[in-house]
Structure formats: C-alpha cells, structure tokens
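Participant: Below is upload_8.pdb; it holds PDB, C-alpha atoms.
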```pdb
ATOM      1  CA  MET A   1      18.106  80.530  11.804
ATOM      2  CA  ARG A   2      15.867  79.874  14.810
ATOM      3  CA  ARG A   3      13.152  82.183  13.456
ATOM      4  CA  GLU A   4      13.268  80.421  10.074
ATOM      5  CA  ARG A   5      12.935  77.034  11.752
ATOM      6  CA  THR A   6       9.998  78.272  13.846
ATOM      7  CA  PHE A   7       8.348  79.710  10.716
ATOM      8  CA  LYS A   8       8.701  76.374   8.871
ATOM      9  CA  LYS A   9       7.194  74.536  11.846
ATOM     10  CA  SER A  10       4.274  76.960  11.852
ATOM     11  CA  LEU A  11       3.689  76.380   8.134
ATOM     12  CA  LEU A  12       3.823  72.609   8.657
ATOM     13  CA  PHE A  13       1.349  72.869  11.541
ATOM     14  CA  LEU A  14      -1.055  74.965   9.442
ATOM     15  CA  ALA A  15      -0.812  72.503   6.558
ATOM     16  CA  ILE A  16      -1.599  69.561   8.861
ATOM     17  CA  MET A  17      -4.543  71.420  10.411
ATOM     18  CA  SER A  18      -5.928  72.290   6.957
ATOM     19  CA  ILE A  19      -5.754  68.646   5.887
ATOM     20  CA  MET A  20      -7.519  67.550   9.090
ATOM     21  CA  ILE A  21     -10.298  70.125   8.692
ATOM     22  CA  PHE A  22     -10.786  69.137   5.038
ATOM     23  CA  ALA A  23     -10.931  65.449   5.988
ATOM     24  CA  MET A  24     -13.475  66.218   8.731
ATOM     25  CA  SER A  25     -15.678  68.152   6.308
ATOM     26  CA  ILE A  26     -15.628  65.238   3.854
ATOM     27  CA  THR A  27     -16.532  62.802   6.616
ATOM     28  CA  ALA A  28     -19.333  65.035   7.901
ATOM     29  CA  SER A  29     -20.985  65.220   4.484
ATOM     30  CA  ALA A  30     -21.509  61.502   4.059
ATOM     31  CA  ALA A  31     -24.222  59.836   2.012
ATOM     32  CA  ALA A  32     -27.776  59.687   3.336
ATOM     33  CA  THR A  33     -28.345  56.568   5.438
ATOM     34  CA  ASN A  34     -31.294  54.503   6.681
ATOM     35  CA  ILE A  35     -33.327  55.346   3.575
ATOM     36  CA  LYS A  36     -36.753  53.715   3.799
ATOM     37  CA  GLN A  37     -40.297  53.881   2.483
ATOM     38  CA  THR A  38     -42.690  55.153   5.140
ATOM     39  CA  ASP A  39     -46.045  55.370   3.329
ATOM     40  CA  SER A  40     -47.780  54.863  -0.003
ATOM     41  CA  SER A  41     -50.938  55.562  -1.974
ATOM     42  CA  LYS A  42     -52.043  54.527  -5.461
ATOM     43  CA  THR A  43     -50.140  57.451  -6.981
ATOM     44  CA  SER A  44     -47.364  58.289  -4.512
ATOM     45  CA  VAL A  45     -44.727  57.058  -2.077
ATOM     46  CA  ASP A  46     -43.182  58.673   0.996
ATOM     47  CA  ILE A  47     -39.535  58.116   1.933
ATOM     48  CA  SER A  48     -37.276  59.284   4.760
ATOM     49  CA  TRP A  49     -33.565  59.074   5.573
ATOM     50  CA  ASP A  50     -30.877  60.117   8.055
ATOM     51  CA  GLY A  51     -28.035  62.590   7.505
ATOM     52  CA  THR A  52     -24.890  63.418   9.470
ATOM     53  CA  ASN A  53     -24.399  67.114   8.674
ATOM     54  CA  THR A  54     -27.031  69.742   9.535
ATOM     55  CA  THR A  55     -25.828  72.017   6.700
ATOM     56  CA  ASP A  56     -26.330  69.410   3.964
ATOM     57  CA  THR A  57     -29.287  69.498   1.580
ATOM     58  CA  TYR A  58     -30.806  66.700  -0.475
ATOM     59  CA  LYS A  59     -32.461  65.902  -3.763
ATOM     60  CA  VAL A  60     -34.428  62.739  -4.578
ATOM     61  CA  PHE A  61     -34.308  61.007  -7.979
ATOM     62  CA  TRP A  62     -36.649  58.270  -9.272
ATOM     63  CA  LEU A  63     -36.863  55.689 -12.065
ATOM     64  CA  LYS A  64     -39.086  52.724 -12.996
ATOM     65  CA  THR A  65     -36.065  50.425 -13.311
ATOM     66  CA  GLU A  66     -33.110  49.961 -10.983
ATOM     67  CA  ASN A  67     -30.526  50.884 -13.603
ATOM     68  CA  GLY A  68     -30.688  53.843 -15.952
ATOM     69  CA  THR A  69     -30.911  57.628 -15.904
ATOM     70  CA  TYR A  70     -32.824  58.825 -12.851
ATOM     71  CA  THR A  71     -35.125  61.866 -12.946
ATOM     72  CA  PRO A  72     -35.102  64.447 -10.105
ATOM     73  CA  VAL A  73     -38.379  64.775  -8.201
ATOM     74  CA  THR A  74     -37.808  68.543  -7.912
ATOM     75  CA  SER A  75     -35.246  70.876  -9.464
ATOM     76  CA  SER A  76     -34.117  72.317  -6.114
ATOM     77  CA  THR A  77     -32.518  70.754  -3.066
ATOM     78  CA  SER A  78     -33.996  70.761   0.433
ATOM     79  CA  SER A  79     -32.732  70.314   3.981
ATOM     80  CA  SER A  80     -35.742  68.100   4.767
ATOM     81  CA  LYS A  81     -34.981  64.402   5.259
ATOM     82  CA  THR A  82     -38.367  63.302   3.923
ATOM     83  CA  ARG A  83     -39.803  63.376   0.420
ATOM     84  CA  TRP A  84     -43.196  62.724  -1.164
ATOM     85  CA  VAL A  85     -42.908  61.351  -4.710
ATOM     86  CA  SER A  86     -46.178  61.713  -6.636
ATOM     87  CA  GLY A  87     -47.551  61.180 -10.135
ATOM     88  CA  LEU A  88     -46.960  57.419 -10.041
ATOM     89  CA  ASN A  89     -49.073  54.445 -11.148
ATOM     90  CA  ALA A  90     -50.992  52.092  -8.837
ATOM     91  CA  GLY A  91     -49.423  48.745  -7.917
ATOM     92  CA  THR A  92     -46.094  49.606  -9.518
ATOM     93  CA  THR A  93     -42.473  49.199  -8.443
ATOM     94  CA  TYR A  94     -40.087  52.166  -8.630
ATOM     95  CA  TYR A  95     -36.572  53.003  -7.494
ATOM     96  CA  VAL A  96     -35.354  56.158  -5.765
ATOM     97  CA  LYS A  97     -31.940  57.618  -4.908
ATOM     98  CA  VAL A  98     -31.034  60.366  -2.456
ATOM     99  CA  ALA A  99     -28.214  62.778  -3.382
ATOM    100  CA  THR A 100     -26.447  64.719  -0.623
ATOM    101  CA  TYR A 101     -25.390  68.281  -1.509
ATOM    102  CA  SER A 102     -23.067  70.807   0.130
ATOM    103  CA  GLY A 103     -25.724  73.500   0.392
ATOM    104  CA  TYR A 104     -29.033  74.793  -0.901
ATOM    105  CA  ASN A 105     -29.179  74.480  -4.718
ATOM    106  CA  ALA A 106     -25.514  73.450  -4.807
ATOM    107  CA  PRO A 107     -24.454  72.438  -8.331
ATOM    108  CA  ASN A 108     -22.641  69.259  -7.296
ATOM    109  CA  TYR A 109     -23.419  66.556  -4.763
ATOM    110  CA  TYR A 110     -21.017  64.967  -2.317
ATOM    111  CA  SER A 111     -22.519  61.525  -2.690
ATOM    112  CA  ILE A 112     -25.545  59.655  -3.978
ATOM    113  CA  SER A 113     -27.167  56.668  -2.335
ATOM    114  CA  ALA A 114     -27.742  53.203  -3.717
ATOM    115  CA  PRO A 115     -31.215  52.769  -5.259
ATOM    116  CA  LEU A 116     -34.090  51.979  -2.902
ATOM    117  CA  GLN A 117     -36.997  49.871  -4.172
ATOM    118  CA  VAL A 118     -40.391  51.462  -3.420
ATOM    119  CA  ILE A 119     -43.948  50.459  -4.336
ATOM    120  CA  THR A 120     -47.318  52.141  -4.766
ATOM    121  CA  THR A 121     -50.580  50.776  -3.362
ATOM    122  CA  PRO A 122     -52.482  48.499  -5.760
ATOM    123  CA  ASP A 123     -56.081  49.167  -6.778
ATOM    124  CA  ALA A 124     -58.786  47.673  -4.573
ATOM    125  CA  VAL A 125     -60.787  44.649  -5.705
ATOM    126  CA  ASP A 126     -63.771  45.635  -7.831
ATOM    127  CA  TYR A 127     -66.713  44.832  -5.546
ATOM    128  CA  SER A 128     -68.920  43.830  -8.475
ATOM    129  CA  THR A 129     -66.555  40.946  -9.335
ATOM    130  CA  ILE A 130     -66.794  39.247  -5.903
ATOM    131  CA  LYS A 131     -68.957  36.139  -6.242
ATOM    132  CA  GLN A 132     -69.699  33.010  -4.254
ATOM    133  CA  THR A 133     -68.796  30.149  -6.580
ATOM    134  CA  ALA A 134     -69.495  27.134  -4.365
ATOM    135  CA  GLY A 135     -70.891  26.127  -0.981
ATOM    136  CA  THR A 136     -71.206  23.042   1.171
ATOM    137  CA  PRO A 137     -72.548  22.542   4.717
ATOM    138  CA  THR A 138     -68.987  23.205   6.000
ATOM    139  CA  SER A 139     -67.385  25.610   3.487
ATOM    140  CA  ILE A 140     -67.869  28.588   1.172
ATOM    141  CA  THR A 141     -65.802  29.386  -1.919
ATOM    142  CA  ILE A 142     -65.449  32.987  -3.085
ATOM    143  CA  ALA A 143     -63.748  34.370  -6.230
ATOM    144  CA  TRP A 144     -63.106  37.891  -7.571
ATOM    145  CA  GLY A 145     -61.452  39.672 -10.454
ATOM    146  CA  LYS A 146     -57.669  39.829 -10.513
ATOM    147  CA  VAL A 147     -56.007  43.169  -9.737
ATOM    148  CA  ALA A 148     -52.995  44.174 -11.845
ATOM    149  CA  GLY A 149     -49.848  44.840  -9.842
ATOM    150  CA  ALA A 150     -51.028  43.103  -6.668
ATOM    151  CA  SER A 151     -48.745  40.547  -5.003
ATOM    152  CA  GLY A 152     -51.796  38.893  -3.472
ATOM    153  CA  TYR A 153     -54.892  39.344  -1.369
ATOM    154  CA  ILE A 154     -55.651  39.492   2.347
ATOM    155  CA  VAL A 155     -58.936  37.768   3.148
ATOM    156  CA  LYS A 156     -60.851  37.993   6.425
ATOM    157  CA  LYS A 157     -64.062  36.147   7.230
ATOM    158  CA  SER A 158     -66.261  37.717   9.892
ATOM    159  CA  GLY A 159     -65.332  36.370  13.310
ATOM    160  CA  SER A 160     -61.961  34.929  12.269
ATOM    161  CA  THR A 161     -58.396  36.040  11.575
ATOM    162  CA  SER A 162     -57.178  37.277   8.199
ATOM    163  CA  LYS A 163     -54.861  35.354   5.887
ATOM    164  CA  ALA A 164     -52.798  36.299   2.846
ATOM    165  CA  ILE A 165     -53.211  34.351  -0.408
ATOM    166  CA  SER A 166     -51.740  34.729  -3.871
ATOM    167  CA  LYS A 167     -54.723  33.649  -6.013
ATOM    168  CA  ASN A 168     -58.041  35.440  -6.552
ATOM    169  CA  SER A 169     -60.269  32.855  -4.872
ATOM    170  CA  VAL A 170     -60.559  31.328  -1.431
ATOM    171  CA  THR A 171     -62.446  28.571   0.381
ATOM    172  CA  VAL A 172     -63.306  29.251   4.017
ATOM    173  CA  THR A 173     -64.856  27.048   6.667
ATOM    174  CA  ALA A 174     -68.519  27.586   7.494
ATOM    175  CA  THR A 175     -71.408  26.290   9.541
ATOM    176  CA  ALA A 176     -74.550  25.094   7.748
ATOM    177  CA  GLY A 177     -77.253  27.720   7.432
ATOM    178  CA  GLN A 178     -75.055  30.633   8.627
ATOM    179  CA  ARG A 179     -74.374  33.937   6.829
ATOM    180  CA  TYR A 180     -70.830  35.421   6.742
ATOM    181  CA  GLY A 181     -69.185  38.650   5.737
ATOM    182  CA  LEU A 182     -65.906  38.483   3.815
ATOM    183  CA  GLU A 183     -63.360  41.279   3.379
ATOM    184  CA  VAL A 184     -60.826  41.207   0.538
ATOM    185  CA  VAL A 185     -57.865  43.589   0.467
ATOM    186  CA  THR A 186     -55.183  43.702  -2.216
ATOM    187  CA  TYR A 187     -51.553  44.117  -1.230
ATOM    188  CA  LYS A 188     -48.196  44.581  -2.887
ATOM    189  CA  LYS A 189     -44.896  43.616  -1.265
ATOM    190  CA  ALA A 190     -41.516  45.049  -2.220
ATOM    191  CA  PRO A 191     -39.221  41.998  -2.555
ATOM    192  CA  LYS A 192     -36.043  43.890  -1.658
ATOM    193  CA  THR A 193     -37.295  45.812   1.380
ATOM    194  CA  GLY A 194     -40.310  43.844   2.611
ATOM    195  CA  TYR A 195     -42.497  46.972   2.654
ATOM    196  CA  ILE A 196     -46.198  46.091   2.188
ATOM    197  CA  ALA A 197     -48.746  48.454   0.645
ATOM    198  CA  LYS A 198     -52.406  47.567   1.269
ATOM    199  CA  SER A 199     -55.490  48.786  -0.574
ATOM    200  CA  SER A 200     -58.800  49.730   0.976
ATOM    201  CA  THR A 201     -61.312  46.954   1.721
TER
END
```
In structure tokens, write the structure found in this file.
Facilitator:
Amino acid sequence: MRRERTFKKSLLFLAIMSIMIFAMSITASAAATNIKQTDSSKTSVDISWDGTNTTDTYKVFWLKTENGTYTPVTSSTSSSKTRWVSGLNAGTTYYVKVATYSGYNAPNYYSISAPLQVITTPDAVDYSTIKQTAGTPTSITIAWGKVAGASGYIVKKSGSTSKAISKNSVTVTATAGQRYGLEVVTYKKAPKTGYIAKSST
C-alpha cells in the first residue's frame, strides 16, 4: 500500500513538473516586442525588434494597408532580430508584422505581432522647379514643385535655422542687396509612430 501511494505521488509530481515546463516554454516564446523602424530609403525600410527566447526564429510580413492578407518578405525564418524590406515605392506608407516561430523554418508560429506602420523616403524636390517668385527689401519668396507622398518640406536659409512647412513655397526674411542660399528637403512622417524619413537636399 505504501509503495502504491509513493508511486502515485511520484506520478503527480511528474505531471505537475511537466505542466510547469510547458508553461515556461510558452512564456519564453512570446511575441516580438519593441518593434520599430530604424532606417529608410526611397525603396526600402529597416526594422528591428526584441525577443525573449534565443532559440526562436522570425519572419516578417508586409502589406500596403493595415488590414488584409500580409505577404512574407522571405520564405524562410531567421534568428536575426532585424529585417530589410525592399522593393517598395518612394514616399509610401506600409505595414509590417513580425511572426515568432519555434525554430528555423518551423511550419507554425507561436505568435504574430500587431501591425507596425512604416514609411519610405519621399523623392527629393526637383531642382529645376525651384524658383524665386517675389522679393522685397526685407523678404524673399521661393516656390517649387510638389512632391507626391511628402508630408512637407524642411527649408533652411543660409545662416539661419531650418523650419518645417507643409506647402511648397516659403517667404524668408532678407536684407536688401544680399544673396542667400536656400536648401529644401522633403520629409514624410508616420502618423502612428512619429518616424520621419528625409530626402536628400
């Protein structure tokens, strides 16, 4: 009788330990966290994230809209916690998700993240469209062609600080008879994350 009781206790102990180990493995393979955009170009975005389990692998999916069927960036998974997504359009908003897998090329994922809004860099202002449209002894007005996909423009007059504007023209202060240089940079801001992608000057 005593041996049978001891055997039952041993079975109960093993069952409890198995449940605890299973629960720990589930907890360890949590969804990717701290997903963020780290860089951009006119045709690509870079993202990174954190993971809790060193044996997990990941796959990134992308889509032009927040809701819908996402497309994998690559067919295989990777242990890397960074991804470069290429083949995109300039000045465009996209969404990405990160799926956490149990191992390399595993058929099923443990979890998939919420969509992250990412943006590509807009085209630069066409230099040939930049024109001075007005001038007074104390001001200069400059205009240029609009750039599709840009949230606005960052303008800097030589010798002064830059400022962001939403329209494709600006009036800056000036001194009579002086010549000034003016830089115009396009930018796009992701409304949901605040990430800003700037073009070349």
Participant: Could you please determine the separation between atom CA of Ser78 of chain A and atom CA of Asp56 of chain A in Å, to one decimal place?
Facilitator: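 Calculated distance between atom CA of Ser78 of chain A and atom CA of Asp56 of chain A is 8.5 Å.
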Participant: May I have the residues within 7 Å of Arg83 of chain A as a list in words, using all atoms listed in the file and disregarding those fewer than 6 positions away in the same chain?
Facilitator: Asp46, Ile47 and Ser48 of chain A
Participant: Atom CA of Lys81 of chain A and atom CA of Thr120 of chain A are how many Å apart?
Facilitator: 20.1 Å
Participant: Find the residues around Ser200 of chain A up to 9 Å (only C-alpha atoms counted), leave out those fewer than 5 positions away in its own chain, and share them as a list in words.
Facilitator: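 Everything that qualifies: Asp123, Ala124, Val125, Val184, Val185 and Thr186 of chain A.
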Participant: Might you spell out which residues the PyMOL selection byres ((chain A and resi 136) around 12) would select in the displayed file, as number ranges by chain?
Facilitator: A: 132-135, 137-141, 171-178
